[in-house]
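data.txt follows; it contains compact mmCIF, C-alpha atoms.
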# COMPACT_ATOMS: atom_id res chain seq x y z
CA MET Z 6 -5.66 16.47 -0.66
CA GLY Z 7 -2.86 17.35 -3.09
CA GLY Z 8 -2.02 15.62 -6.33
CA TYR Z 9 -5.37 15.80 -8.12
CA GLU Z 10 -5.43 17.70 -11.37
CA ASN Z 11 -7.56 18.22 -14.45
CA GLY Z 12 -6.08 18.45 -17.90
CA ASP Z 13 -5.76 21.97 -19.29
CA SER Z 14 -6.84 21.33 -22.85
CA PRO Z 15 -10.38 22.61 -23.60
CA ALA Z 16 -10.85 20.17 -26.44
CA ALA Z 17 -12.04 16.70 -25.57
CA ALA Z 18 -10.27 13.86 -27.36
CA PRO Z 19 -12.31 11.19 -29.14
CA PHE Z 20 -13.06 8.20 -26.93
CA ALA Z 21 -12.44 4.61 -27.92
CA GLY Z 22 -15.49 3.61 -25.86
CA GLU Z 23 -18.83 5.38 -25.82
CA ASP Z 24 -18.26 6.82 -22.34
CA GLY Z 25 -14.58 6.17 -21.76
CA VAL Z 26 -12.71 4.30 -19.05
CA ILE Z 27 -11.09 4.83 -15.64
CA LEU Z 28 -7.63 3.56 -14.62
CA GLY Z 29 -6.60 2.76 -11.06
CA VAL Z 30 -3.02 1.84 -10.19
CA ASP Z 31 -1.62 0.44 -6.96
CA GLY Z 32 2.15 0.73 -7.20
CA GLY Z 33 4.01 -1.06 -4.45
CA THR Z 34 7.47 -2.29 -3.62
CA THR Z 35 6.58 -5.91 -4.40
CA ASN Z 36 4.38 -5.43 -7.46
CA THR Z 37 2.20 -2.98 -9.38
CA VAL Z 38 -1.45 -3.60 -10.29
CA CYS Z 39 -3.58 -1.64 -12.77
CA VAL Z 40 -7.33 -2.09 -13.24
CA CYS Z 41 -9.61 -0.58 -15.85
CA LEU Z 42 -13.26 0.30 -15.10
CA PRO Z 43 -16.00 1.75 -17.33
CA ALA Z 44 -16.42 5.47 -16.64
CA ALA Z 45 -20.21 5.24 -17.04
CA MET Z 46 -20.74 2.45 -14.51
CA PRO Z 47 -23.43 3.02 -11.88
CA PRO Z 48 -22.39 3.37 -8.22
CA PRO Z 49 -21.44 -0.17 -7.15
CA GLU Z 50 -23.75 -1.58 -4.47
CA SER Z 51 -21.07 -3.92 -3.15
CA PRO Z 52 -17.39 -4.76 -3.76
CA ALA Z 53 -18.43 -7.72 -5.90
CA ALA Z 54 -20.45 -5.38 -8.13
CA VAL Z 55 -17.44 -3.40 -9.40
CA PRO Z 56 -17.17 -4.17 -13.16
CA VAL Z 57 -13.47 -4.68 -13.86
CA LEU Z 58 -12.73 -4.57 -17.59
CA ALA Z 59 -9.06 -5.53 -17.24
CA ARG Z 60 -6.41 -6.22 -14.62
CA VAL Z 61 -2.63 -6.30 -15.18
CA VAL Z 62 0.24 -7.03 -12.77
CA ALA Z 63 3.88 -5.97 -13.14
CA GLY Z 64 6.93 -5.50 -10.91
CA CYS Z 65 8.01 -2.84 -8.42
CA SER Z 66 7.19 0.83 -9.09
CA ASN Z 67 8.64 2.35 -5.92
CA ARG Z 68 11.30 4.73 -7.24
CA ASN Z 69 13.14 4.59 -3.92
CA SER Z 70 13.65 0.87 -4.45
CA VAL Z 71 14.28 0.50 -8.21
CA GLY Z 72 15.02 4.04 -9.38
CA GLU Z 73 12.75 6.59 -11.05
CA SER Z 74 13.29 5.47 -14.64
CA ALA Z 75 12.42 1.81 -13.95
CA ALA Z 76 9.45 2.82 -11.80
CA LEU Z 77 7.93 5.04 -14.49
CA GLU Z 78 8.52 2.36 -17.13
CA THR Z 79 6.59 -0.15 -15.02
CA LEU Z 80 3.70 2.28 -14.47
CA GLU Z 81 3.41 3.08 -18.16
CA GLN Z 82 3.60 -0.62 -19.03
CA VAL Z 83 0.73 -1.71 -16.73
CA MET Z 84 -1.55 1.10 -17.89
CA ALA Z 85 -0.90 0.38 -21.57
CA GLN Z 86 -1.48 -3.35 -21.09
CA ALA Z 87 -4.69 -2.80 -19.13
CA LEU Z 88 -6.07 -0.57 -21.87
CA ALA Z 89 -5.15 -3.13 -24.54
CA MET Z 90 -6.78 -5.92 -22.54
CA ALA Z 91 -9.95 -3.81 -22.23
CA ASN Z 92 -9.94 -3.21 -26.01
CA SER Z 93 -9.44 0.48 -25.35
CA ASP Z 94 -6.70 3.08 -25.76
CA ARG Z 95 -5.33 6.22 -24.15
CA SER Z 96 -7.81 8.51 -25.91
CA ALA Z 97 -10.63 6.82 -23.97
CA VAL Z 98 -9.21 7.49 -20.51
CA ARG Z 99 -11.39 9.87 -18.46
CA ALA Z 100 -9.46 9.74 -15.18
CA VAL Z 101 -6.42 8.04 -13.63
CA CYS Z 102 -5.55 7.50 -9.99
CA LEU Z 103 -1.96 6.52 -9.22
CA GLY Z 104 -1.45 5.26 -5.69
CA VAL Z 105 2.30 4.66 -5.60
CA SER Z 106 4.63 3.89 -2.72
CA GLY Z 107 7.48 6.38 -2.55
CA ILE Z 108 5.19 9.39 -3.18
CA ASN Z 109 5.94 11.17 0.08
CA HIS Z 110 6.06 14.90 -0.70
CA PRO Z 111 4.24 17.43 -2.92
CA SER Z 112 7.35 17.58 -5.11
CA ASP Z 113 7.00 13.82 -5.72
CA GLN Z 114 3.38 14.36 -6.77
CA GLN Z 115 4.29 17.23 -9.07
CA ARG Z 116 6.96 15.23 -10.89
CA MET Z 117 4.53 12.36 -11.37
CA LEU Z 118 1.80 14.69 -12.64
CA GLU Z 119 4.18 16.28 -15.14
CA TRP Z 120 5.13 12.82 -16.39
CA ILE Z 121 1.62 11.39 -16.69
CA ARG Z 122 0.19 14.50 -18.41
CA ASP Z 123 2.21 13.62 -21.49
CA LEU Z 124 0.69 10.14 -21.71
CA PHE Z 125 -3.01 10.99 -21.95
CA PRO Z 126 -5.38 13.50 -23.61
CA GLY Z 127 -5.60 17.00 -22.14
CA ASN Z 128 -9.11 16.47 -20.74
CA THR Z 129 -8.05 13.50 -18.57
CA LYS Z 130 -8.25 13.98 -14.81
CA PHE Z 131 -5.34 12.81 -12.66
CA TYR Z 132 -5.00 11.92 -8.99
CA VAL Z 133 -1.53 11.10 -7.61
CA GLU Z 134 -0.93 9.96 -4.05
CA ASN Z 135 0.91 7.49 -1.86
CA ASP Z 136 -0.32 3.89 -2.21
CA ALA Z 137 -1.81 4.19 1.28
CA VAL Z 138 -4.62 6.32 -0.17
CA ALA Z 139 -5.56 3.56 -2.62
CA ALA Z 140 -5.47 1.02 0.20
CA LEU Z 141 -7.77 3.15 2.37
CA ALA Z 142 -10.19 3.58 -0.53
CA SER Z 143 -10.27 -0.19 -1.08
CA GLY Z 144 -11.84 -0.59 2.37
CA THR Z 145 -14.21 2.37 2.12
CA MET Z 146 -15.32 1.88 -1.51
CA GLY Z 147 -13.64 5.02 -2.77
CA LYS Z 148 -14.49 7.34 0.14
CA LEU Z 149 -11.59 8.89 2.04
CA HIS Z 150 -12.25 8.79 5.77
CA GLY Z 151 -10.57 6.83 8.55
CA CYS Z 152 -7.15 5.24 8.84
CA VAL Z 153 -5.35 2.57 6.86
CA LEU Z 154 -2.47 0.41 8.01
CA ILE Z 155 -0.39 -1.18 5.28
CA ALA Z 156 2.11 -3.81 6.36
CA GLY Z 157 3.61 -5.62 3.42
CA THR Z 158 7.18 -5.28 2.20
CA GLY Z 159 7.05 -1.79 3.74
CA CYS Z 160 4.61 -0.26 6.21
CA ILE Z 161 2.71 2.99 6.67
CA ALA Z 162 -0.32 4.34 8.51
CA TYR Z 163 -2.34 7.03 6.75
CA GLY Z 164 -5.43 8.83 7.98
CA VAL Z 165 -8.01 11.23 6.54
CA THR Z 166 -10.70 13.19 8.36
CA GLU Z 167 -14.14 13.92 6.92
CA ASP Z 168 -13.06 17.52 6.22
CA GLY Z 169 -9.94 16.41 4.33
CA LYS Z 170 -7.15 16.74 6.89
CA VAL Z 171 -4.46 14.09 6.49
CA ALA Z 172 -1.66 12.59 8.57
CA ARG Z 173 0.76 9.72 8.14
CA ALA Z 174 3.31 7.83 10.19
CA ALA Z 175 6.15 5.55 9.09
CA GLY Z 176 6.48 4.76 5.39
CA ALA Z 177 10.01 6.19 5.31
CA GLY Z 178 11.64 2.86 4.42
CA PRO Z 179 13.65 0.32 6.40
CA VAL Z 180 16.68 2.55 6.89
CA LEU Z 181 14.49 5.07 8.74
CA GLY Z 182 12.74 2.69 11.08
CA ASP Z 183 9.82 0.87 9.41
CA TRP Z 184 10.51 -2.15 11.60
CA GLY Z 185 6.93 -3.40 11.60
CA SER Z 186 7.20 -4.04 7.85
CA GLY Z 187 7.89 -7.35 6.15
CA TYR Z 188 11.39 -6.16 5.37
CA GLY Z 189 11.89 -5.08 8.99
CA ILE Z 190 10.71 -8.42 10.39
CA ALA Z 191 12.87 -10.45 8.00
CA ALA Z 192 15.93 -8.22 8.46
CA GLN Z 193 15.69 -8.66 12.23
CA ALA Z 194 15.46 -12.42 11.74
CA LEU Z 195 18.55 -12.49 9.49
CA THR Z 196 20.39 -10.34 12.03
CA ALA Z 197 19.39 -12.73 14.83
CA VAL Z 198 20.83 -15.66 12.88
CA ILE Z 199 24.15 -13.87 12.33
CA LYS Z 200 24.34 -12.83 16.00
CA ALA Z 201 23.60 -16.39 17.16
CA HIS Z 202 26.31 -17.71 14.84
CA ASP Z 203 28.81 -15.16 16.18
CA GLY Z 204 27.91 -15.84 19.80
CA ARG Z 205 26.51 -12.33 20.24
CA GLY Z 206 22.93 -13.49 20.65
CA PRO Z 207 20.80 -16.42 21.78
CA GLN Z 208 20.53 -19.58 19.71
CA THR Z 209 17.38 -19.71 17.59
CA SER Z 210 15.57 -22.17 15.36
CA LEU Z 211 15.48 -19.35 12.79
CA THR Z 212 19.00 -20.44 11.83
CA GLY Z 213 17.98 -23.84 10.54
CA ASP Z 214 14.63 -22.64 9.18
CA ILE Z 215 16.14 -19.80 7.15
CA LEU Z 216 19.08 -21.88 5.89
CA GLU Z 217 16.65 -24.53 4.71
CA LYS Z 218 14.45 -21.94 3.00
CA LEU Z 219 17.40 -20.36 1.22
CA GLU Z 220 19.08 -23.70 0.49
CA LEU Z 221 22.29 -22.60 2.22
CA SER Z 222 24.59 -24.73 4.34
CA SER Z 223 26.03 -22.19 6.80
CA PRO Z 224 25.06 -18.85 8.38
CA ASP Z 225 28.22 -17.41 6.82
CA GLU Z 226 26.56 -17.82 3.42
CA ILE Z 227 23.65 -15.57 4.49
CA ILE Z 228 25.92 -12.54 4.18
CA GLY Z 229 26.64 -13.23 0.52
CA TRP Z 230 22.99 -14.08 -0.17
CA THR Z 231 21.78 -10.83 1.42
CA TYR Z 232 24.09 -8.47 -0.45
CA ALA Z 233 23.91 -10.29 -3.78
CA ASP Z 234 20.48 -8.66 -4.21
CA PRO Z 235 19.36 -6.61 -1.19
CA SER Z 236 15.99 -5.66 -2.72
CA TRP Z 237 13.33 -5.06 -0.10
CA ALA Z 238 10.81 -7.56 -1.48
CA ARG Z 239 13.40 -10.36 -1.65
CA ILE Z 240 14.25 -9.91 2.04
CA ALA Z 241 10.60 -9.52 3.07
CA ALA Z 242 9.72 -12.84 1.44
CA LEU Z 243 11.25 -14.52 4.53
CA VAL Z 244 8.41 -13.34 6.82
CA PRO Z 245 6.50 -16.68 6.61
CA VAL Z 246 9.63 -18.43 7.92
CA VAL Z 247 9.73 -16.09 10.92
CA VAL Z 248 6.02 -16.64 11.61
CA SER Z 249 6.43 -20.42 11.34
CA SER Z 250 9.38 -20.38 13.75
CA ALA Z 251 7.36 -18.29 16.20
CA GLU Z 252 4.40 -20.66 15.95
CA ASP Z 253 6.78 -23.52 16.80
CA GLY Z 254 7.76 -21.70 19.99
CA ASP Z 255 11.06 -20.04 19.12
CA GLU Z 256 11.62 -17.21 21.63
CA VAL Z 257 13.69 -15.03 19.29
CA ALA Z 258 11.10 -15.21 16.50
CA ASN Z 259 8.30 -14.50 18.96
CA LYS Z 260 10.09 -11.41 20.27
CA ILE Z 261 10.59 -10.12 16.73
CA LEU Z 262 6.86 -10.48 16.03
CA HIS Z 263 5.75 -8.99 19.36
CA ASP Z 264 8.02 -5.98 18.79
CA SER Z 265 6.70 -5.60 15.24
CA VAL Z 266 3.09 -5.70 16.46
CA GLN Z 267 3.83 -2.86 18.88
CA GLU Z 268 5.57 -0.88 16.12
CA LEU Z 269 2.54 -1.22 13.84
CA ALA Z 270 0.08 -0.36 16.63
CA ASP Z 271 2.12 2.72 17.62
CA THR Z 272 2.13 3.84 13.98
CA VAL Z 273 -1.68 3.80 13.82
CA ILE Z 274 -2.08 5.36 17.27
CA ALA Z 275 0.12 8.30 16.23
CA VAL Z 276 -2.06 9.05 13.19
CA VAL Z 277 -5.37 8.65 15.03
CA ARG Z 278 -4.23 11.00 17.80
CA ARG Z 279 -3.02 13.69 15.40
CA LEU Z 280 -6.29 13.70 13.46
CA ARG Z 281 -8.54 13.01 16.46
CA LEU Z 282 -10.32 10.32 14.47
CA CYS Z 283 -11.35 8.89 17.83
CA GLY Z 284 -13.19 12.08 18.86
CA GLU Z 285 -12.50 14.37 21.77
CA ASP Z 286 -13.02 11.66 24.41
CA GLY Z 287 -11.07 9.00 22.49
CA ASN Z 288 -14.05 6.67 22.18
CA ASP Z 289 -15.58 7.60 18.81
CA LYS Z 290 -15.84 4.86 16.21
CA PHE Z 291 -13.55 5.09 13.16
CA PRO Z 292 -12.68 2.67 10.34
CA LEU Z 293 -9.25 1.06 10.34
CA VAL Z 294 -8.49 -0.58 7.00
CA LEU Z 295 -5.88 -3.36 7.19
CA VAL Z 296 -3.88 -4.22 4.07
CA GLY Z 297 -0.73 -6.19 3.30
CA GLY Z 298 0.79 -9.65 3.50
CA VAL Z 299 2.13 -9.19 7.04
CA LEU Z 300 -1.45 -8.66 8.28
CA GLU Z 301 -2.92 -11.72 6.60
CA GLY Z 302 -4.18 -14.42 8.92
CA ASN Z 303 -1.80 -17.10 10.15
CA LYS Z 304 -2.53 -20.42 11.85
CA LYS Z 305 -1.50 -19.44 15.38
CA TRP Z 306 0.31 -16.12 15.19
CA ASP Z 307 -2.44 -13.66 14.21
CA ILE Z 308 -0.43 -10.48 13.61
CA SER Z 309 -3.40 -8.34 12.57
CA GLY Z 310 -5.43 -9.54 15.54
CA GLU Z 311 -2.64 -8.64 17.95
CA VAL Z 312 -2.24 -5.21 16.34
CA ILE Z 313 -5.97 -4.53 16.71
CA LYS Z 314 -5.87 -5.57 20.37
CA CYS Z 315 -3.06 -3.08 21.06
CA ILE Z 316 -4.86 -0.23 19.27
CA SER Z 317 -8.24 -1.01 20.86
CA LYS Z 318 -6.75 -0.71 24.35
CA VAL Z 319 -6.10 2.95 23.54
CA PHE Z 320 -9.02 3.61 21.16
CA PRO Z 321 -11.97 1.28 21.88
CA GLY Z 322 -13.88 2.69 18.90
CA THR Z 323 -11.49 1.08 16.42
CA TYR Z 324 -13.53 -0.63 13.68
CA PRO Z 325 -11.29 -2.97 11.64
CA ILE Z 326 -12.00 -3.51 7.96
CA TRP Z 327 -10.39 -6.16 5.78
CA PRO Z 328 -11.08 -4.96 2.21
CA GLU Z 329 -12.95 -7.21 -0.18
CA VAL Z 330 -11.32 -5.51 -3.17
CA GLU Z 331 -7.65 -4.82 -3.82
CA PRO Z 332 -6.08 -1.34 -3.54
CA ALA Z 333 -5.95 -0.93 -7.34
CA ILE Z 334 -9.76 -1.04 -7.39
CA GLY Z 335 -9.77 1.44 -4.52
CA ALA Z 336 -7.62 3.75 -6.66
CA ALA Z 337 -9.96 3.32 -9.63
CA LEU Z 338 -13.01 4.07 -7.45
CA LEU Z 339 -11.31 7.27 -6.25
CA ALA Z 340 -10.72 8.37 -9.85
CA TRP Z 341 -14.30 7.37 -10.77
CA ASN Z 342 -15.71 9.40 -7.86
CA HIS Z 343 -13.73 12.49 -8.86
CA ASN Z 344 -14.72 12.11 -12.50
CA ARG Z 345 -18.38 11.67 -11.54
CA LYS Z 346 -18.32 14.78 -9.32
CA GLY Z 347 -16.75 16.75 -12.16
CA LEU Z 348 -19.49 15.67 -14.57
CA LYS Z 349 -22.16 16.67 -12.04
CA LEU Z 350 -20.60 20.13 -11.69
CA GLU Z 351 -20.39 20.52 -15.47
CA ASN Z 352 -24.09 19.62 -15.71
CA GLY Z 353 -25.02 22.16 -13.04
CA SER Z 354 -25.87 19.59 -10.36

Could you write out this file's structure as structure tokens?
Amino acid sequence: MGGYENGDSPAAAPFAGEDGVILGVDGGTTNTVCVCLPAAMPPPESPAAVPVLARVVAGCSNRNSVGESAALETLEQVMAQALAMANSDRSAVRAVCLGVSGINHPSDQQRMLEWIRDLFPGNTKFYVENDAVAALASGTMGKLHGCVLIAGTGCIAYGVTEDGKVARAAGAGPVLGDWGSGYGIAAQALTAVIKAHDGRGPQTSLTGDILEKLELSSPDEIIGWTYADPSWARIAALVPVVVSSAEDGDEVANKILHDSVQELADTVIAVVRRLRLCGEDGNDKFPLVLVGGVLEGNKKWDISGEVIKCISKVFPGTYPIWPEVEPAIGAALLAWNHNRKGLKLENGS
């Protein structure tokens, strides 16, 4: 697993707390969350037992969405605020895990590591990965094994084997086909409204539902609304309207959701096959962590349930997990685990 690095300085900086703190960051397209944990905490027996010293929320930190400068500013802001809220400072930080959307290549990790090294003491340990890693860890309490499906503003499937092999599918953004994402669902709905208005597609109740939601009077106005601020999260916020229309029986909305379910299922299936998480015969049990607003339960249209049904037809050993802690805590637990292993090695254990 790339992106994990120890500081090079042999001298330990003084710590604001007796044993220091751990920072975990989940940086997404919609928002960014940072939590602070005590470095000396015992292994948590349950998700509820994780002692969170501070939690801070800020805006988007996906550099592909807002640009690198704004993304780094947001990341630095949430970490500084979390430390202040925990009555701590940068000198007390033992380890940091950044799980950030838009980290898709080793070069992305390297740039982030070079940036974060200048923020903390030389003895601090760093772990930089895509936000999917933090989401997986939130369902496995900091252990990396299994597959995670994130379907929020964007979508990605990410898998890790017990011996550390990794694979991913999707996560390339809406331009490159993440149509199971919140953005993808909403963009298809907006397109359906424009097509219906033009006479290029069937009439749909999405027209009235979306116009009411956006407080617009005509489908023509949707064009101006869309391009006035085409940020991914703003578009994706229309997903509940699509789900509501589908629940009321609209055929166009239902097709959009059915197609999105298949897209999400195919994304997971691709990762599981490549890593053979299902075993040689395809029937082994493996954890599938489900994260993101698109996968949250709805009254009638259970998107996550439909996705699991599709995957289970291919891999009956699929074991779905809905995390009890958020991905930022998963990121912090990853950093805590690495820090703890490092201390054991230093002590000769």

Can you tell me how far CA of Ala156 (chain Z) sits from CA of Asp255 (chain Z), in Å to one decimal?
-> 22.5 Å

Of the listed residues Z:Asp225, Z:Asp203, Z:Glu252, Z:Glu167, that which approaches Leu282 (chain Z) most closely, counting all atoms listed in the file |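 Counting all atoms listed in the file, the residue closest to Leu282 (chain Z) is Z:Glu167.
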
Could you tell me which of Z:Thr145, Z:Thr35, Z:Asn135, Z:Ser96 comes closest to Gly187 (chain Z) if we count all atoms listed in the file?
->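 Of Z:Thr145, Z:Thr35, Z:Asn135, Z:Ser96, the one nearest Gly187 (chain Z) is Z:Thr35, counting all atoms listed in the file.
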
Skipping near chain neighbours, those fewer than 5 positions away, what residues fall within 6 Å of region 335-338 of chain Z using all atoms listed in the file, listed as a ChimeraX atom specification?
-> /Z:28-29,102,139,142-143,147

Atomic separation - CA of Gly287 (chain Z) relative to CA of Ser309 (chain Z), Å |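 These atoms are spaced 21.4 Å apart.
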
Please return, as a ChimeraX atom specification, all polymer residues that have at least one atom within 10 Å of the point (9.3, -11.4, 10.9); use all atoms listed in the file and the file's own coordinate frame.
-> /Z:184-195,241-251,258-265,299

Between Z:Thr79, Z:Thr323, Z:Thr231, Z:Ser74, which has the minimum distance to Thr196 (chain Z) (counting only C-alpha atoms)?
->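 Among the listed residues, the smallest separation from Thr196 (chain Z) belongs to Z:Thr231.
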
Region 105-122 of chain Z environment, 6 Å, all atoms listed in the file, sequence neighbours closer than 5 positions dropped, as a ChimeraX atom specification = /Z:8,31-33,67,133,135-136

Given the choices Z:Gly182, Z:Thr37, Z:Ala340, Z:Asn92, which gets closest to Leu58 (chain Z) if the distance is worked out from all atoms listed in the file?
->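 Among the listed residues, the smallest separation from Leu58 (chain Z) belongs to Z:Asn92.
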
Would you mind reading off the distance between CA of Ala53 (chain Z) and CA of Pro328 (chain Z), one decimal, in Å?
-> 11.3 Å

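Proximity ranking of Z:Lys314, Z:His150, Z:Arg173, Z:Arg95 relative to Phe291 (chain Z) places Z:His150 first, based on only C-alpha atoms.
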
Across Z:Glu329, Z:Val26, Z:Val138, Z:Ser70, the smallest distance to Met84 (chain Z), with only C-alpha atoms counted, is shown by Z:Val26

Using all atoms of region 170-189 of chain Z listed in the file and a margin of 3 Å per side, can you give the axis-aligned box centre and edge lengths in Å to one decimal, as JSON?
{"center_x": 4.8, "center_y": 4.7, "center_z": 8.0, "size_x": 29.8, "size_y": 30.1, "size_z": 13.2}

Residues at most 10 Å from Val153 (chain Z), counting all atoms listed in the file, excluding those fewer than 2 positions away in the same chain, as JSON, numbers by chain?
-> {"Z": [137, 138, 139, 140, 141, 142, 143, 144, 150, 151, 155, 156, 161, 162, 163, 164, 165, 173, 273, 276, 292, 293, 294, 295, 296, 325, 326]}

Could you give me, as a PyMOL selection string, the residues within 8 Å of Pro52 (chain Z), counting all atoms listed in the file and dropping anything in the same chain fewer than 2 positions from it?
-> chain Z and resi 49-50+54-55+146+329-330
